[in-house]
file final_33.cif (mmCIF, C-alpha atoms)
data_model
loop_
_atom_site.label_atom_id
_atom_site.label_comp_id
_atom_site.auth_asym_id
_atom_site.auth_seq_id
_atom_site.Cartn_x
_atom_site.Cartn_y
_atom_site.Cartn_z
CA MET F 1 104.90 122.83 94.76
CA LYS F 2 101.84 123.32 92.55
CA THR F 3 100.12 119.94 92.23
CA ILE F 4 99.60 117.11 94.73
CA LEU F 5 98.24 113.71 93.63
CA PHE F 6 96.28 111.75 96.22
CA PRO F 7 95.24 108.17 95.28
CA THR F 8 92.32 106.84 97.30
CA ASP F 9 90.56 103.51 97.75
CA PHE F 10 87.79 105.16 99.85
CA SER F 11 88.83 103.35 103.04
CA ASP F 12 88.79 104.98 106.48
CA ASN F 13 92.56 105.29 106.35
CA ALA F 14 92.35 106.98 102.96
CA LYS F 15 90.02 109.54 104.52
CA HIS F 16 92.55 110.09 107.29
CA ALA F 17 95.51 110.37 104.91
CA ALA F 18 93.47 112.76 102.76
CA GLN F 19 93.34 115.19 105.69
CA TYR F 20 97.14 115.14 105.78
CA ALA F 21 97.21 115.71 102.01
CA GLY F 22 94.80 118.62 102.45
CA MET F 23 97.04 120.11 105.14
CA LEU F 24 100.03 119.89 102.78
CA ALA F 25 97.98 121.44 99.96
CA ARG F 26 97.18 124.41 102.21
CA LEU F 27 100.81 124.74 103.35
CA PHE F 28 102.11 124.67 99.78
CA ASN F 29 99.12 126.58 98.36
CA ALA F 30 98.83 123.72 95.88
CA LYS F 31 96.04 122.13 93.89
CA ILE F 32 95.15 118.51 94.65
CA VAL F 33 94.06 115.72 92.32
CA LEU F 34 91.97 112.96 93.95
CA LEU F 35 92.48 109.72 92.03
CA ASN F 36 90.70 106.37 92.20
CA VAL F 37 91.95 103.47 90.13
CA TYR F 38 89.32 100.81 89.67
CA SER F 39 89.45 97.35 88.13
CA ILE F 40 87.04 94.47 87.65
CA PRO F 41 86.89 91.13 89.48
CA THR F 42 88.68 88.12 88.02
CA ILE F 43 86.68 87.02 85.02
CA SER F 44 86.07 83.60 83.56
CA GLU F 45 87.26 82.56 80.11
CA TYR F 46 83.63 81.76 79.36
CA GLN F 47 82.37 85.31 79.82
CA LEU F 48 81.46 87.26 76.72
CA PRO F 49 83.22 90.51 75.75
CA SER F 50 79.93 92.33 76.24
CA GLU F 51 79.75 91.06 79.81
CA ILE F 52 83.28 92.24 80.51
CA GLU F 53 82.48 95.65 79.06
CA ASP F 54 79.40 95.82 81.26
CA PHE F 55 81.57 95.05 84.32
CA ILE F 56 83.89 97.92 83.41
CA VAL F 57 81.05 100.41 82.86
CA ARG F 58 79.33 99.48 86.14
CA ASN F 59 82.55 99.65 88.12
CA ARG F 60 83.40 103.03 86.64
CA LYS F 61 80.01 104.46 87.59
CA GLU F 62 80.40 103.10 91.11
CA ALA F 63 83.93 104.56 91.36
CA GLU F 64 82.72 107.96 90.15
CA GLN F 65 79.92 108.00 92.73
CA ASN F 66 82.27 106.94 95.52
CA LEU F 67 84.83 109.56 94.52
CA GLN F 68 82.13 112.24 94.57
CA HIS F 69 81.14 111.25 98.12
CA PHE F 70 84.82 111.08 99.12
CA THR F 71 85.41 114.59 97.74
CA VAL F 72 82.49 116.03 99.72
CA HIS F 73 83.96 114.50 102.89
CA PHE F 74 87.43 115.76 101.94
CA ILE F 75 86.20 119.35 101.54
CA GLU F 76 84.34 119.18 104.86
CA LYS F 77 87.42 117.95 106.72
CA THR F 78 90.08 120.11 105.07
CA GLY F 79 88.21 123.30 104.18
CA LEU F 80 90.00 123.30 100.83
CA ALA F 81 88.16 125.24 98.11
CA SER F 82 86.48 123.05 95.50
CA GLU F 83 88.20 124.92 92.64
CA ARG F 84 91.54 123.61 93.93
CA ILE F 85 90.35 120.00 93.71
CA THR F 86 90.21 117.78 90.63
CA GLN F 87 88.65 114.30 90.53
CA ARG F 88 89.95 111.49 88.32
CA VAL F 89 88.75 107.92 87.88
CA GLU F 90 90.98 105.54 85.93
CA TYR F 91 90.75 101.87 84.94
CA GLY F 92 93.78 99.65 85.27
CA LEU F 93 96.51 98.48 87.63
CA ALA F 94 96.79 100.82 90.59
CA THR F 95 100.58 101.21 90.74
CA ASP F 96 101.03 101.80 87.03
CA LYS F 97 98.13 104.23 86.84
CA ILE F 98 99.24 106.24 89.85
CA VAL F 99 102.70 106.69 88.36
CA SER F 100 101.45 107.44 84.85
CA ILE F 101 98.86 109.98 86.06
CA ALA F 102 101.49 111.63 88.27
CA ASN F 103 103.69 112.01 85.18
CA GLN F 104 100.80 113.19 83.04
CA ILE F 105 99.70 115.96 85.40
CA LYS F 106 103.31 116.78 86.35
CA ALA F 107 102.59 116.18 90.02
CA ASP F 108 105.10 117.72 92.40
CA LEU F 109 104.14 115.29 95.17
CA ILE F 110 102.17 112.07 95.70
CA VAL F 111 100.55 111.60 99.11
CA MET F 112 99.45 108.06 100.00
CA GLY F 113 98.02 106.14 102.94
CA THR F 114 99.60 102.96 104.28
CA GLN F 115 96.64 100.65 104.68
CA GLY F 116 93.35 100.29 102.86
CA ALA F 117 90.21 98.24 102.89
CA SER F 118 90.34 96.79 99.39
CA ASN F 119 92.38 93.85 98.17
CA ILE F 120 94.53 96.12 96.04
CA PHE F 121 95.68 98.16 99.04
CA GLU F 122 95.77 95.44 101.73
CA ARG F 123 99.57 95.39 101.96
CA TRP F 124 100.62 98.91 101.08
CA LEU F 125 104.06 98.81 102.61
CA GLY F 126 104.78 95.25 101.53
CA THR F 127 104.09 95.76 97.86
CA HIS F 128 102.01 98.59 96.49
CA THR F 129 103.41 101.73 98.06
CA GLN F 130 107.00 100.55 97.69
CA GLU F 131 106.43 100.06 93.97
CA VAL F 132 105.02 103.58 93.61
CA MET F 133 107.96 104.99 95.59
CA LYS F 134 110.45 103.18 93.37
CA LYS F 135 108.78 104.17 90.10
CA ALA F 136 107.49 107.69 90.77
CA ASN F 137 109.53 110.58 89.43
CA CYS F 138 108.26 112.96 92.12
CA PRO F 139 108.53 112.66 95.93
CA VAL F 140 106.05 110.40 97.72
CA TRP F 141 104.71 111.33 101.18
CA VAL F 142 103.41 108.23 102.98
CA VAL F 143 100.89 108.72 105.81
CA PRO F 144 100.37 105.88 108.32
CA ALA F 145 96.98 105.01 109.78
CA GLY F 146 96.36 107.20 112.82
CA SER F 147 99.22 109.61 112.11
CA PRO F 148 98.57 113.02 113.76
CA ILE F 149 97.48 115.71 111.31
CA ASN F 150 100.09 118.14 112.59
CA TYR F 151 102.27 120.70 110.87
CA PRO F 152 105.62 118.93 110.32
CA LEU F 153 108.25 120.98 112.16
CA ASN F 154 111.24 118.60 112.14
CA LEU F 155 112.35 116.20 109.42
CA LEU F 156 115.01 113.55 109.78
CA TYR F 157 116.76 112.60 106.56
CA ALA F 158 118.35 109.15 106.95
CA ALA F 159 121.27 109.61 104.56
CA ASP F 160 123.32 106.66 103.37
CA PHE F 161 126.06 108.86 101.83
CA GLN F 162 125.65 107.04 98.51
CA GLY F 163 124.99 108.83 95.24
CA ASP F 164 124.65 112.60 94.99
CA GLU F 165 123.84 113.72 98.52
CA ILE F 166 124.14 117.42 97.68
CA ALA F 167 121.48 117.16 94.98
CA ALA F 168 119.31 115.08 97.32
CA ILE F 169 119.49 117.66 100.10
CA ASP F 170 118.84 120.47 97.61
CA LYS F 171 115.68 118.62 96.57
CA LEU F 172 114.66 118.17 100.19
CA LEU F 173 115.26 121.83 101.05
CA ALA F 174 113.18 122.89 98.04
CA ILE F 175 110.25 121.18 99.78
CA THR F 176 110.93 122.21 103.38
CA LYS F 177 112.57 125.64 103.20
CA PRO F 178 109.46 127.58 102.06
CA LEU F 179 107.61 126.15 105.07
CA GLY F 180 110.33 126.84 107.64
CA ILE F 181 110.71 123.15 108.45
CA LYS F 182 113.95 122.16 110.18
CA CYS F 183 115.96 119.31 108.68
CA LYS F 184 118.51 117.04 110.29
CA VAL F 185 120.73 114.81 108.14
CA VAL F 186 121.68 111.64 110.03
CA HIS F 187 124.10 109.03 108.73
CA VAL F 188 124.53 105.76 110.63
CA HIS F 189 127.52 103.61 109.67
CA ASP F 190 128.70 100.21 110.77
CA TYR F 191 131.51 99.88 113.32
CA PHE F 192 133.03 97.14 111.22
CA GLU F 193 133.09 98.87 107.83
CA PRO F 194 136.82 99.09 106.96
CA ASN F 195 138.51 102.37 105.97
CA ILE F 196 135.27 104.34 106.07
CA GLY F 197 135.95 106.93 108.76
CA HIS F 198 137.90 109.34 106.55
CA ALA F 199 135.33 109.19 103.74
CA ILE F 200 132.48 109.89 106.16
CA GLN F 201 134.31 112.83 107.67
CA GLU F 202 134.95 114.25 104.21
CA MET F 203 131.27 113.93 103.26
CA THR F 204 130.16 115.46 106.55
CA SER F 205 132.49 118.44 106.09
CA LEU F 206 131.37 118.85 102.47
CA LEU F 207 127.69 118.96 103.46
CA GLU F 208 128.31 121.31 106.39
CA ASP F 209 130.23 123.72 104.15
CA LYS F 210 127.72 123.51 101.31
CA PHE F 211 124.68 124.10 103.52
CA GLU F 212 126.17 126.27 106.27
CA LYS F 213 123.61 129.03 105.60
CA GLU F 214 120.64 126.66 105.75
CA ASP F 215 118.66 125.46 108.78
CA LEU F 216 120.27 122.05 108.45
CA ALA F 217 122.27 119.90 110.89
CA VAL F 218 124.46 116.93 109.93
CA LYS F 219 125.04 114.09 112.39
CA CYS F 220 127.09 110.91 111.95
CA ILE F 221 126.72 107.90 114.25
CA ASN F 222 128.62 104.62 114.29
CA ARG F 223 126.79 101.58 115.57
CA ALA F 224 127.14 97.81 115.35
CA GLU F 225 123.94 97.63 113.25
CA ILE F 226 122.79 100.46 111.00
CA ILE F 227 119.01 100.04 111.23
CA GLU F 228 119.07 99.58 115.01
CA GLY F 229 121.23 102.69 115.32
CA LEU F 230 118.75 104.65 113.24
CA GLU F 231 115.87 103.24 115.25
CA THR F 232 117.45 104.38 118.53
CA TYR F 233 118.15 107.84 117.17
CA ILE F 234 114.56 108.25 115.97
CA LYS F 235 113.20 107.10 119.34
CA ASN F 236 115.36 109.62 121.18
CA HIS F 237 114.79 112.63 118.91
CA GLN F 238 111.21 111.99 117.72
CA PRO F 239 111.10 113.71 114.32
CA ASP F 240 107.76 114.50 112.70
CA VAL F 241 108.71 112.91 109.37
CA ILE F 242 111.39 110.44 108.27
CA VAL F 243 112.96 111.13 104.86
CA LEU F 244 114.60 108.52 102.64
CA ALA F 245 116.17 108.91 99.20
CA THR F 246 115.99 105.85 96.95
CA HIS F 247 118.58 104.49 94.56
CA ASP F 248 119.86 101.06 93.56
CA LYS F 249 121.66 100.46 96.87
CA SER F 250 119.57 102.63 99.17
CA LEU F 251 118.40 102.08 102.75
CA LEU F 252 114.82 101.68 101.54
CA ASP F 253 114.72 97.89 101.33
CA LYS F 254 116.55 97.51 104.66
CA PHE F 255 114.32 100.08 106.30
CA PHE F 256 111.12 98.34 105.30
CA ASN F 257 111.77 95.10 107.10
CA ASP F 258 108.86 93.92 109.24
CA SER F 259 110.15 95.01 112.65
CA VAL F 260 111.19 98.52 111.66
CA THR F 261 108.07 99.12 109.62
CA LYS F 262 105.88 97.96 112.50
CA HIS F 263 107.62 100.20 115.02
CA PHE F 264 107.95 103.43 113.07
CA VAL F 265 105.01 103.36 110.71
CA GLN F 266 102.29 101.30 112.33
CA GLU F 267 103.07 101.98 116.00
CA GLY F 268 105.06 105.21 115.84
CA LYS F 269 102.68 106.75 113.29
CA LEU F 270 105.60 108.51 111.59
CA PRO F 271 104.98 109.76 108.03
CA LEU F 272 107.67 109.03 105.46
CA LEU F 273 108.86 111.27 102.64
CA ILE F 274 110.55 109.33 99.84
CA PHE F 275 112.27 110.68 96.73
CA LYS F 276 114.76 109.49 94.12
CA LYS F 277 118.45 110.22 94.33
CA GLN F 278 120.96 110.02 91.51
#
call {"tool": "encode", "arguments": {"input": "final_33.cif", "output": "structure tokens"}}
result
Amino acid sequence: MKTILFPTDFSDNAKHAAQYAGMLARLFNAKIVLLNVYSIPTISEYQLPSEIEDFIVRNRKEAEQNLQHFTVHFIEKTGLASERITQRVEYGLATDKIVSIANQIKADLIVMGTQGASNIFERWLGTHTQEVMKKANCPVWVVPAGSPINYPLNLLYAADFQGDEIAAIDKLLAITKPLGIKCKVVHVHDYFEPNIGHAIQEMTSLLEDKFEKEDLAVKCINRAEIIEGLETYIKNHQPDVIVLATHDKSLLDKFFNDSVTKHFVQEGKLPLLIFKKQ
């Protein structure tokens, strides 16, 4: 873990999430890139190219000034050395730029807030952050507004037992093992899914054998409704971070329905770690 990308819109929640990003940078001994993506207001067809260019130049200068102030605040709050911090200002669409810059700098992790003050970031979980999570090639750590800035000791990986779970857990352990973070793999399946018990037991045994030397527990639960079963488990065990792996048929879209998002992210203040699974 060498490079963390942190996109910011300069909102209060971005300042809060930046403290979490700074904590992770210290834990991983990583460098951090602070990124602001700016655009210009909707323009009229009657405006001249020179006027549009002037809008872009003015907005860039304003973004650079705001990012400088944000960086000063970031250093004060995190104590991170300035030589470990890089500032970038980019013009364009936020989602596309975040993903392209992450690829360009070979970011190992993107850390993002969940709510912002600008129009672009008004509905992070509904649109923007989900798009970054789906498109990013590196893991994305999502920090809710008001989430405690605490060392994450216990992670809960909500596994759907689809795709390559061994590779997914290897990727997760590569992040958590150097920090001594405990991981629990939890799979919730539907009571009414036919002929699934044997397959689940086989997968559970495979994971337990493969990772028997790791600080990793595997738990399977059958419930009438998968998301409600996961919700109950999280309430009872209170992990520090929820982990999801995305793929074409992943839990991600189910997980981010309004009620679950409101409970875990907005009210529960639980950070999410999202990465791609084959």
call {"tool": "resolve_selection", "arguments": {"input": "final_33.cif", "expression": "the PyMOL selection byres ((chain F and resi 147) around 8)", "output": "list in words"}}
result
Val143, Pro144, Ala145, Gly146, Pro148, Ile149, Lys269, Leu270 and Pro271 of chain F
call {"tool": "write_last_selection", "arguments": {"input": "final_33.cif", "atoms": "C-alpha atoms", "output": "CSV table (one decimal), in the coordinates of the input"}}
result
chain,number,residue,atom,x,y,z
F,143,VAL,CA,100.9,108.7,105.8
F,144,PRO,CA,100.4,105.9,108.3
F,145,ALA,CA,97.0,105.0,109.8
F,146,GLY,CA,96.4,107.2,112.8
F,148,PRO,CA,98.6,113.0,113.8
F,149,ILE,CA,97.5,115.7,111.3
F,269,LYS,CA,102.7,106.8,113.3
F,270,LEU,CA,105.6,108.5,111.6
F,271,PRO,CA,105.0,109.8,108.0
call {"tool": "resolve_selection", "arguments": {"input": "final_33.cif", "expression": "the PyMOL selection byres ((chain F and resi 35-38) around 9)", "output": "PyMOL selection string"}}
result
chain F and resi 5-10+33-34+39-40+56+59-60+63-64+67+86-95+97-98+101
call {"tool": "write_last_selection", "arguments": {"input": "final_33.cif", "atoms": "C-alpha atoms", "output": "mmCIF file, in the coordinates of the input"}}
result
data_model
loop_
_atom_site.group_PDB
_atom_site.id
_atom_site.type_symbol
_atom_site.label_atom_id
_atom_site.label_comp_id
_atom_site.auth_asym_id
_atom_site.auth_seq_id
_atom_site.Cartn_x
_atom_site.Cartn_y
_atom_site.Cartn_z
ATOM 1 C CA LEU F 5 98.240 113.710 93.630
ATOM 2 C CA PHE F 6 96.280 111.750 96.220
ATOM 3 C CA PRO F 7 95.240 108.170 95.280
ATOM 4 C CA THR F 8 92.320 106.840 97.300
ATOM 5 C CA ASP F 9 90.560 103.510 97.750
ATOM 6 C CA PHE F 10 87.790 105.160 99.850
ATOM 7 C CA VAL F 33 94.060 115.720 92.320
ATOM 8 C CA LEU F 34 91.970 112.960 93.950
ATOM 9 C CA SER F 39 89.450 97.350 88.130
ATOM 10 C CA ILE F 40 87.040 94.470 87.650
ATOM 11 C CA ILE F 56 83.890 97.920 83.410
ATOM 12 C CA ASN F 59 82.550 99.650 88.120
ATOM 13 C CA ARG F 60 83.400 103.030 86.640
ATOM 14 C CA ALA F 63 83.930 104.560 91.360
ATOM 15 C CA GLU F 64 82.720 107.960 90.150
ATOM 16 C CA LEU F 67 84.830 109.560 94.520
ATOM 17 C CA THR F 86 90.210 117.780 90.630
ATOM 18 C CA GLN F 87 88.650 114.300 90.530
ATOM 19 C CA ARG F 88 89.950 111.490 88.320
ATOM 20 C CA VAL F 89 88.750 107.920 87.880
ATOM 21 C CA GLU F 90 90.980 105.540 85.930
ATOM 22 C CA TYR F 91 90.750 101.870 84.940
ATOM 23 C CA GLY F 92 93.780 99.650 85.270
ATOM 24 C CA LEU F 93 96.510 98.480 87.630
ATOM 25 C CA ALA F 94 96.790 100.820 90.590
ATOM 26 C CA THR F 95 100.580 101.210 90.740
ATOM 27 C CA LYS F 97 98.130 104.230 86.840
ATOM 28 C CA ILE F 98 99.240 106.240 89.850
ATOM 29 C CA ILE F 101 98.860 109.980 86.060
#
call {"tool": "resolve_selection", "arguments": {"input": "final_33.cif", "expression": "the PyMOL selection byres ((chain F and resi 202-208) around 12)", "output": "PyMOL selection string"}}
result
chain F and resi 159-170+184-188+196-201+209-221
call {"tool": "residues_near_point", "arguments": {"input": "final_33.cif", "point": "(111.9, 119.0, 110.7)", "cutoff": "6 Å", "atoms": "all atoms listed in the file", "output": "list in words"}}
result
Leu153, Asn154, Leu155, Ile181, Lys182 and Cys183 of chain F
call {"tool": "atom_distance", "arguments": {"input": "final_33.cif", "atom1": "atom CA of F:Ala18", "atom2": "atom CA of F:Phe70"}}
result
9.5 Å
call {"tool": "atom_distance", "arguments": {"input": "final_33.cif", "atom1": "atom CA of F:Ser82", "atom2": "atom CA of F:Lys15"}}
result
16.6 Å
call {"tool": "closest_residue", "arguments": {"input": "final_33.cif", "among": "F:His73, F:His247, F:Lys106, F:His16", "to": "F:Thr3", "atoms": "all atoms listed in the file"}}
result
F:Lys106
call {"tool": "atom_distance", "arguments": {"input": "final_33.cif", "atom1": "atom CA of F:Arg223", "atom2": "atom CA of F:Pro239"}}
result
19.9 Å
call {"tool": "closest_residue", "arguments": {"input": "final_33.cif", "among": "F:Ile175, F:Ile242, F:Val111, F:Val140", "to": "F:Leu156", "atoms": "all atoms listed in the file"}}
result
F:Ile242
